[in-house]
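Below: input.cif (mmCIF, N, CA and C atoms)
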```
data_structure
#
loop_
_atom_site.label_atom_id
_atom_site.label_comp_id
_atom_site.auth_asym_id
_atom_site.auth_seq_id
_atom_site.Cartn_x
_atom_site.Cartn_y
_atom_site.Cartn_z
N MET T 393 0.91 5.49 38.79
CA MET T 393 1.45 4.15 38.65
C MET T 393 2.92 4.25 38.24
N ASP T 394 3.73 3.42 38.84
CA ASP T 394 5.15 3.39 38.52
C ASP T 394 5.37 2.79 37.13
N ASP T 395 6.60 2.85 36.69
CA ASP T 395 6.98 2.28 35.41
C ASP T 395 6.84 0.75 35.49
N VAL T 396 6.09 0.17 34.58
CA VAL T 396 5.81 -1.26 34.62
C VAL T 396 6.37 -1.99 33.39
N ALA T 397 7.38 -1.43 32.76
CA ALA T 397 7.93 -2.02 31.54
C ALA T 397 8.42 -3.45 31.77
N ALA T 398 9.14 -3.69 32.84
CA ALA T 398 9.67 -5.04 33.08
C ALA T 398 8.54 -6.05 33.26
N GLN T 399 7.50 -5.68 33.98
CA GLN T 399 6.36 -6.58 34.17
C GLN T 399 5.70 -6.90 32.83
N LEU T 400 5.49 -5.89 32.00
CA LEU T 400 4.85 -6.11 30.70
C LEU T 400 5.73 -6.93 29.77
N ASN T 401 7.04 -6.75 29.82
CA ASN T 401 7.94 -7.56 29.00
C ASN T 401 7.80 -9.03 29.38
N ARG T 402 7.73 -9.33 30.68
CA ARG T 402 7.56 -10.71 31.12
C ARG T 402 6.20 -11.26 30.71
N ALA T 403 5.16 -10.46 30.90
CA ALA T 403 3.79 -10.90 30.62
C ALA T 403 3.55 -11.12 29.13
N SER T 404 4.27 -10.38 28.28
CA SER T 404 4.01 -10.49 26.84
C SER T 404 4.96 -11.46 26.15
N SER T 405 5.72 -12.21 26.90
CA SER T 405 6.62 -13.20 26.31
C SER T 405 5.81 -14.17 25.45
N GLY T 406 6.25 -14.36 24.21
CA GLY T 406 5.55 -15.25 23.29
C GLY T 406 4.44 -14.57 22.50
N SER T 407 4.17 -13.31 22.79
CA SER T 407 3.13 -12.59 22.06
C SER T 407 3.64 -12.19 20.68
N PHE T 408 2.71 -11.72 19.85
CA PHE T 408 3.08 -11.26 18.50
C PHE T 408 4.14 -10.17 18.58
N ALA T 409 3.94 -9.19 19.47
CA ALA T 409 4.90 -8.09 19.61
C ALA T 409 6.27 -8.60 20.03
N SER T 410 6.30 -9.55 20.96
CA SER T 410 7.60 -10.07 21.39
C SER T 410 8.27 -10.89 20.28
N GLU T 411 7.47 -11.51 19.42
CA GLU T 411 8.02 -12.29 18.31
C GLU T 411 8.76 -11.41 17.31
N ILE T 412 8.38 -10.14 17.18
CA ILE T 412 9.13 -9.25 16.28
C ILE T 412 10.30 -8.60 17.01
N GLY T 413 10.43 -8.88 18.32
CA GLY T 413 11.54 -8.36 19.09
C GLY T 413 11.27 -7.05 19.80
N LEU T 414 10.00 -6.68 19.97
CA LEU T 414 9.66 -5.44 20.68
C LEU T 414 9.97 -5.61 22.17
N VAL T 415 10.80 -4.71 22.69
CA VAL T 415 11.17 -4.71 24.10
C VAL T 415 10.79 -3.35 24.68
N LEU T 416 10.02 -3.38 25.76
CA LEU T 416 9.64 -2.12 26.41
C LEU T 416 10.79 -1.58 27.22
N VAL T 417 11.02 -0.30 27.09
CA VAL T 417 12.06 0.41 27.83
C VAL T 417 11.43 1.13 29.02
N SER T 418 10.23 1.67 28.79
CA SER T 418 9.52 2.40 29.83
C SER T 418 8.03 2.29 29.55
N ALA T 419 7.23 2.17 30.62
CA ALA T 419 5.78 2.08 30.43
C ALA T 419 5.09 2.71 31.64
N THR T 420 4.47 3.86 31.41
CA THR T 420 3.70 4.54 32.44
C THR T 420 2.31 4.83 31.89
N ARG T 421 1.45 5.42 32.70
CA ARG T 421 0.07 5.67 32.28
C ARG T 421 -0.05 6.59 31.06
N ASP T 422 0.90 7.47 30.86
CA ASP T 422 0.76 8.42 29.76
C ASP T 422 1.81 8.28 28.67
N ARG T 423 2.78 7.36 28.85
CA ARG T 423 3.84 7.22 27.85
C ARG T 423 4.43 5.82 27.90
N VAL T 424 4.58 5.21 26.71
CA VAL T 424 5.17 3.88 26.60
C VAL T 424 6.26 3.94 25.53
N ILE T 425 7.43 3.42 25.85
CA ILE T 425 8.57 3.45 24.92
C ILE T 425 9.06 2.01 24.71
N GLY T 426 9.28 1.64 23.45
CA GLY T 426 9.79 0.32 23.13
C GLY T 426 10.76 0.37 21.97
N THR T 427 11.61 -0.65 21.88
CA THR T 427 12.60 -0.71 20.81
C THR T 427 12.53 -2.05 20.07
N VAL T 428 12.98 -2.02 18.83
CA VAL T 428 13.16 -3.23 18.03
C VAL T 428 14.50 -3.10 17.33
N ASP T 429 15.34 -4.12 17.47
CA ASP T 429 16.60 -4.18 16.73
C ASP T 429 16.29 -4.83 15.39
N ILE T 430 16.51 -4.08 14.32
CA ILE T 430 16.13 -4.53 12.98
C ILE T 430 17.06 -5.65 12.52
N GLU T 431 16.43 -6.72 12.05
CA GLU T 431 17.13 -7.90 11.54
C GLU T 431 16.57 -8.23 10.16
N ALA T 432 17.16 -9.20 9.51
CA ALA T 432 16.72 -9.61 8.18
C ALA T 432 15.24 -10.00 8.18
N ARG T 433 14.73 -10.58 9.25
CA ARG T 433 13.33 -11.01 9.31
C ARG T 433 12.34 -9.85 9.26
N HIS T 434 12.81 -8.63 9.52
CA HIS T 434 11.94 -7.45 9.50
C HIS T 434 11.85 -6.79 8.13
N LEU T 435 12.64 -7.27 7.18
CA LEU T 435 12.75 -6.60 5.89
C LEU T 435 11.81 -7.19 4.84
N GLN T 436 11.34 -6.33 3.96
CA GLN T 436 10.55 -6.79 2.81
C GLN T 436 11.51 -7.04 1.65
N ALA T 437 10.98 -7.44 0.52
CA ALA T 437 11.81 -7.84 -0.63
C ALA T 437 12.76 -6.75 -1.10
N ALA T 438 12.37 -5.48 -0.93
CA ALA T 438 13.23 -4.37 -1.36
C ALA T 438 14.37 -4.09 -0.37
N GLY T 439 14.43 -4.84 0.73
CA GLY T 439 15.52 -4.68 1.68
C GLY T 439 15.30 -3.60 2.73
N ILE T 440 14.07 -3.12 2.86
CA ILE T 440 13.75 -2.11 3.88
C ILE T 440 12.73 -2.70 4.86
N VAL T 441 12.61 -2.07 6.02
CA VAL T 441 11.69 -2.56 7.04
C VAL T 441 10.27 -2.63 6.48
N HIS T 442 9.62 -3.75 6.69
CA HIS T 442 8.24 -3.96 6.26
C HIS T 442 7.31 -3.06 7.08
N GLY T 443 6.34 -2.46 6.43
CA GLY T 443 5.40 -1.57 7.10
C GLY T 443 4.66 -2.25 8.25
N GLY T 444 4.47 -3.55 8.15
CA GLY T 444 3.81 -4.28 9.23
C GLY T 444 4.57 -4.23 10.54
N VAL T 445 5.89 -4.10 10.45
CA VAL T 445 6.70 -3.97 11.68
C VAL T 445 6.35 -2.65 12.37
N TYR T 446 6.28 -1.58 11.59
CA TYR T 446 5.91 -0.28 12.17
C TYR T 446 4.49 -0.32 12.73
N CYS T 447 3.56 -0.92 11.99
CA CYS T 447 2.18 -1.02 12.49
C CYS T 447 2.12 -1.81 13.79
N THR T 448 2.92 -2.86 13.89
CA THR T 448 2.95 -3.66 15.11
C THR T 448 3.49 -2.86 16.28
N ILE T 449 4.55 -2.11 16.05
CA ILE T 449 5.10 -1.26 17.11
C ILE T 449 4.06 -0.25 17.56
N VAL T 450 3.43 0.42 16.61
CA VAL T 450 2.44 1.46 16.92
C VAL T 450 1.27 0.87 17.71
N GLU T 451 0.68 -0.21 17.20
CA GLU T 451 -0.47 -0.83 17.86
C GLU T 451 -0.11 -1.38 19.23
N SER T 452 1.02 -2.03 19.32
CA SER T 452 1.41 -2.67 20.57
C SER T 452 1.68 -1.65 21.68
N LEU T 453 2.41 -0.59 21.36
CA LEU T 453 2.71 0.40 22.39
C LEU T 453 1.44 1.11 22.85
N ALA T 454 0.55 1.44 21.91
CA ALA T 454 -0.71 2.09 22.28
C ALA T 454 -1.57 1.14 23.13
N SER T 455 -1.62 -0.12 22.74
CA SER T 455 -2.42 -1.10 23.49
C SER T 455 -1.89 -1.27 24.91
N MET T 456 -0.59 -1.33 25.04
CA MET T 456 -0.01 -1.48 26.38
C MET T 456 -0.29 -0.26 27.23
N GLY T 457 -0.22 0.92 26.62
CA GLY T 457 -0.54 2.14 27.35
C GLY T 457 -1.97 2.15 27.83
N ALA T 458 -2.89 1.77 26.96
CA ALA T 458 -4.30 1.71 27.35
C ALA T 458 -4.50 0.69 28.46
N PHE T 459 -3.88 -0.47 28.32
CA PHE T 459 -4.00 -1.54 29.31
C PHE T 459 -3.55 -1.06 30.70
N ILE T 460 -2.44 -0.36 30.75
CA ILE T 460 -1.93 0.14 32.03
C ILE T 460 -2.98 1.01 32.73
N ASN T 461 -3.73 1.75 31.95
CA ASN T 461 -4.71 2.68 32.51
C ASN T 461 -6.01 2.02 32.96
N ILE T 462 -6.31 0.82 32.48
CA ILE T 462 -7.61 0.22 32.79
C ILE T 462 -7.54 -1.08 33.57
N VAL T 463 -6.38 -1.70 33.64
CA VAL T 463 -6.28 -3.03 34.24
C VAL T 463 -6.74 -3.04 35.70
N ASP T 464 -6.46 -1.98 36.44
CA ASP T 464 -6.86 -1.96 37.85
C ASP T 464 -8.36 -1.78 38.04
N GLN T 465 -9.09 -1.50 36.96
CA GLN T 465 -10.55 -1.38 37.01
C GLN T 465 -11.23 -2.67 36.55
N GLY T 466 -10.44 -3.69 36.24
CA GLY T 466 -11.01 -4.95 35.76
C GLY T 466 -11.53 -4.87 34.35
N LEU T 467 -11.04 -3.94 33.55
CA LEU T 467 -11.49 -3.74 32.18
C LEU T 467 -10.46 -4.30 31.20
N MET T 468 -10.85 -4.38 29.94
CA MET T 468 -9.93 -4.78 28.89
C MET T 468 -10.03 -3.75 27.77
N CYS T 469 -9.14 -3.84 26.80
CA CYS T 469 -9.18 -2.90 25.68
C CYS T 469 -8.90 -3.63 24.38
N ALA T 470 -9.34 -3.02 23.29
CA ALA T 470 -9.10 -3.58 21.96
C ALA T 470 -8.93 -2.43 20.99
N GLY T 471 -7.98 -2.57 20.09
CA GLY T 471 -7.78 -1.56 19.07
C GLY T 471 -8.95 -1.53 18.11
N ILE T 472 -9.44 -0.33 17.80
CA ILE T 472 -10.53 -0.20 16.84
C ILE T 472 -10.13 0.65 15.63
N GLU T 473 -8.98 1.27 15.72
CA GLU T 473 -8.48 2.04 14.57
C GLU T 473 -6.98 2.22 14.72
N ASN T 474 -6.26 1.95 13.63
CA ASN T 474 -4.81 2.17 13.60
C ASN T 474 -4.50 2.82 12.26
N HIS T 475 -4.05 4.06 12.34
CA HIS T 475 -3.62 4.76 11.12
C HIS T 475 -2.13 5.01 11.28
N THR T 476 -1.33 4.33 10.47
CA THR T 476 0.11 4.48 10.53
C THR T 476 0.64 4.95 9.18
N SER T 477 1.40 6.02 9.20
CA SER T 477 2.03 6.55 7.99
C SER T 477 3.52 6.20 8.01
N PHE T 478 4.02 5.75 6.87
CA PHE T 478 5.43 5.40 6.72
C PHE T 478 6.15 6.57 6.07
N LEU T 479 7.15 7.11 6.73
CA LEU T 479 7.77 8.35 6.29
C LEU T 479 9.19 8.22 5.76
N ARG T 480 9.91 7.24 6.25
CA ARG T 480 11.31 7.06 5.84
C ARG T 480 11.64 5.57 5.98
N SER T 481 12.46 5.07 5.07
CA SER T 481 12.83 3.66 5.14
C SER T 481 14.22 3.49 5.73
N VAL T 482 14.39 2.37 6.43
CA VAL T 482 15.70 1.95 6.93
C VAL T 482 15.81 0.45 6.71
N SER T 483 17.03 -0.05 6.81
CA SER T 483 17.24 -1.48 6.63
C SER T 483 18.04 -2.11 7.76
N SER T 484 18.44 -1.30 8.74
CA SER T 484 19.21 -1.84 9.86
C SER T 484 19.14 -0.86 11.02
N GLY T 485 19.70 -1.28 12.14
CA GLY T 485 19.78 -0.43 13.32
C GLY T 485 18.66 -0.72 14.31
N ARG T 486 18.53 0.15 15.26
CA ARG T 486 17.48 0.04 16.28
C ARG T 486 16.45 1.12 16.02
N VAL T 487 15.18 0.73 16.09
CA VAL T 487 14.10 1.71 16.00
C VAL T 487 13.43 1.81 17.36
N THR T 488 12.99 3.01 17.69
CA THR T 488 12.36 3.27 18.98
C THR T 488 11.00 3.90 18.76
N GLY T 489 10.00 3.30 19.39
CA GLY T 489 8.65 3.84 19.33
C GLY T 489 8.31 4.52 20.65
N VAL T 490 7.66 5.67 20.55
CA VAL T 490 7.20 6.40 21.74
C VAL T 490 5.71 6.65 21.56
N ALA T 491 4.92 6.07 22.46
CA ALA T 491 3.47 6.25 22.44
C ALA T 491 3.09 7.22 23.56
N GLU T 492 2.26 8.20 23.22
CA GLU T 492 1.80 9.17 24.22
C GLU T 492 0.29 9.25 24.19
N ALA T 493 -0.29 9.27 25.37
CA ALA T 493 -1.74 9.37 25.49
C ALA T 493 -2.20 10.75 25.03
N VAL T 494 -3.21 10.78 24.18
CA VAL T 494 -3.83 12.02 23.73
C VAL T 494 -5.11 12.26 24.53
N ASN T 495 -5.91 11.19 24.67
CA ASN T 495 -7.16 11.28 25.41
C ASN T 495 -7.46 9.93 26.04
N LEU T 496 -7.68 9.94 27.34
CA LEU T 496 -8.00 8.72 28.07
C LEU T 496 -9.45 8.82 28.55
N GLY T 497 -10.37 8.56 27.65
CA GLY T 497 -11.79 8.66 27.97
C GLY T 497 -12.32 7.43 28.67
N ARG T 498 -13.58 7.49 29.04
CA ARG T 498 -14.22 6.38 29.74
C ARG T 498 -14.42 5.17 28.83
N THR T 499 -14.73 5.41 27.54
CA THR T 499 -15.03 4.31 26.62
C THR T 499 -14.01 4.15 25.50
N THR T 500 -13.22 5.18 25.25
CA THR T 500 -12.16 5.07 24.24
C THR T 500 -10.92 5.83 24.69
N HIS T 501 -9.80 5.37 24.21
CA HIS T 501 -8.52 6.05 24.41
C HIS T 501 -7.94 6.37 23.04
N LEU T 502 -7.20 7.46 22.96
CA LEU T 502 -6.49 7.81 21.73
C LEU T 502 -5.02 7.99 22.07
N TRP T 503 -4.17 7.33 21.31
CA TRP T 503 -2.73 7.37 21.50
C TRP T 503 -2.05 7.77 20.20
N ASP T 504 -1.03 8.63 20.29
CA ASP T 504 -0.17 8.95 19.16
C ASP T 504 1.18 8.27 19.38
N VAL T 505 1.73 7.75 18.29
CA VAL T 505 3.00 7.01 18.38
C VAL T 505 3.94 7.49 17.28
N GLU T 506 5.18 7.71 17.65
CA GLU T 506 6.24 8.02 16.67
C GLU T 506 7.30 6.95 16.76
N VAL T 507 7.80 6.53 15.60
CA VAL T 507 8.89 5.55 15.52
C VAL T 507 10.07 6.24 14.86
N ARG T 508 11.20 6.22 15.54
CA ARG T 508 12.41 6.91 15.07
C ARG T 508 13.59 5.94 15.02
N ASP T 509 14.58 6.31 14.20
CA ASP T 509 15.80 5.51 14.13
C ASP T 509 16.83 6.04 15.13
N ASP T 510 18.03 5.45 15.10
CA ASP T 510 19.10 5.84 16.02
C ASP T 510 19.54 7.29 15.86
N ARG T 511 19.27 7.86 14.68
CA ARG T 511 19.65 9.25 14.43
C ARG T 511 18.47 10.21 14.69
N GLN T 512 17.42 9.67 15.32
CA GLN T 512 16.21 10.44 15.67
C GLN T 512 15.39 10.90 14.47
N ARG T 513 15.60 10.25 13.32
CA ARG T 513 14.79 10.57 12.15
C ARG T 513 13.44 9.87 12.29
N LEU T 514 12.38 10.59 11.96
CA LEU T 514 11.03 10.04 12.05
C LEU T 514 10.81 9.06 10.91
N LEU T 515 10.54 7.79 11.26
CA LEU T 515 10.33 6.74 10.27
C LEU T 515 8.85 6.48 10.02
N ALA T 516 8.07 6.51 11.10
CA ALA T 516 6.63 6.25 10.99
C ALA T 516 5.93 7.00 12.10
N LYS T 517 4.68 7.36 11.82
CA LYS T 517 3.87 8.07 12.80
C LYS T 517 2.49 7.46 12.75
N GLY T 518 1.95 7.14 13.93
CA GLY T 518 0.65 6.50 13.96
C GLY T 518 -0.26 7.06 15.03
N SER T 519 -1.53 6.76 14.85
CA SER T 519 -2.56 7.12 15.81
C SER T 519 -3.44 5.90 16.00
N VAL T 520 -3.68 5.52 17.25
CA VAL T 520 -4.47 4.33 17.55
C VAL T 520 -5.60 4.69 18.49
N ARG T 521 -6.80 4.26 18.12
CA ARG T 521 -7.96 4.46 18.99
C ARG T 521 -8.30 3.10 19.59
N MET T 522 -8.43 3.09 20.90
CA MET T 522 -8.69 1.86 21.65
C MET T 522 -10.09 1.92 22.26
N ALA T 523 -10.83 0.82 22.18
CA ALA T 523 -12.11 0.71 22.88
C ALA T 523 -11.84 0.16 24.27
N VAL T 524 -12.46 0.74 25.27
CA VAL T 524 -12.39 0.25 26.64
C VAL T 524 -13.63 -0.60 26.86
N LEU T 525 -13.42 -1.87 27.22
CA LEU T 525 -14.50 -2.86 27.28
C LEU T 525 -14.57 -3.55 28.64
N GLU T 526 -15.74 -4.08 28.94
CA GLU T 526 -15.88 -4.94 30.11
C GLU T 526 -15.08 -6.20 29.85
N ALA T 527 -14.40 -6.68 30.86
CA ALA T 527 -13.64 -7.92 30.71
C ALA T 527 -14.59 -9.10 30.52
N ARG T 528 -14.24 -9.99 29.63
CA ARG T 528 -15.05 -11.18 29.38
C ARG T 528 -14.64 -12.27 30.36
N PRO T 529 -15.60 -13.02 30.86
CA PRO T 529 -15.24 -14.13 31.74
C PRO T 529 -14.45 -15.19 30.97
N ALA T 530 -13.54 -15.84 31.63
CA ALA T 530 -12.75 -16.90 31.00
C ALA T 530 -13.68 -18.04 30.60
N SER T 531 -13.44 -18.60 29.40
CA SER T 531 -14.32 -19.70 28.96
C SER T 531 -13.63 -21.03 29.06
#
```
Structure encoded using structure tokens:
Amino acid sequence: MDDVAAQLNRASSGSFASEIGLVLVSATRDRVIGTVDIEARHLQAAGIVHGGVYCTIVESLASMGAFINIVDQGLMCAGIENHTSFLRSVSSGRVTGVAEAVNLGRTTHLWDVEVRDDRQRLLAKGSVRMAVLEARPAS
């Protein structure tokens, strides 16, 4: 499958991930890359990026990667585990998340995600396990 980042950016307009400013740079079956430009709305009281921003980047990139792999089969996916470690704090700049497929099984997918700053310092590292599910009929 070709890079579908532009399609996913359009499709996710108004989503939680887009509300924090996550923009996909590249999205293929085995790797998804996205960026967030850090603003005041991303900061916690101590003036550093809130951990929820990193968790959102990690979960969103992994979910989009899983989706790319199953959408043509008429399936859906849902996160069932997100373990994100916060390693370094920042208060400004652009952060980039890179999600890579570890295992694309029939019923679950595992993705590893790293979030880095403009100087390539590792800020957060996460692992997301996705359940692959039958699509539910529209209600």
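Using the PyMOL selection byres (((chain T and resi 448 and name CA) around 10) and name CA) on this structure selects Phe408, Ala409, Ile412, Leu414, Gly443, Gly444, Val445, Tyr446, Cys447, Ile449, Val450, Glu451, Ser452, Leu453, Ala454, Asn474 and Thr476 of chain T.
Nearest residue to Ser455 (chain T) among T:Trp503, T:Ala437, T:Glu411, T:Glu526 is T:Trp503, counting all atoms listed in the file.
Of the residues listed (T:Arg480, T:Arg486, T:His442, T:Arg498), T:Arg480 shows the shortest atom-to-atom separation from Arg513 (chain T); distances use only C-alpha atoms.
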Exercise. Hey, can you check how far CA of Ser477 (chain T) sits from atom N of Glu492 (chain T)?
Worked result: 15.3 Å
For this session: Can you check which residues of chain T DSSP gives as alpha helix (DSSP H) on the backbone and send them as a PyMOL selection string?
Result: chain T and resi 397-403+408-411+443-462
For this session: Rank T:Gly406, T:Ile472, T:Val463, T:Val482 by their smallest atom-to-atom distance to Gln436 (chain T), using only C-alpha atoms, and report the top residue only.
Result: T:Val482
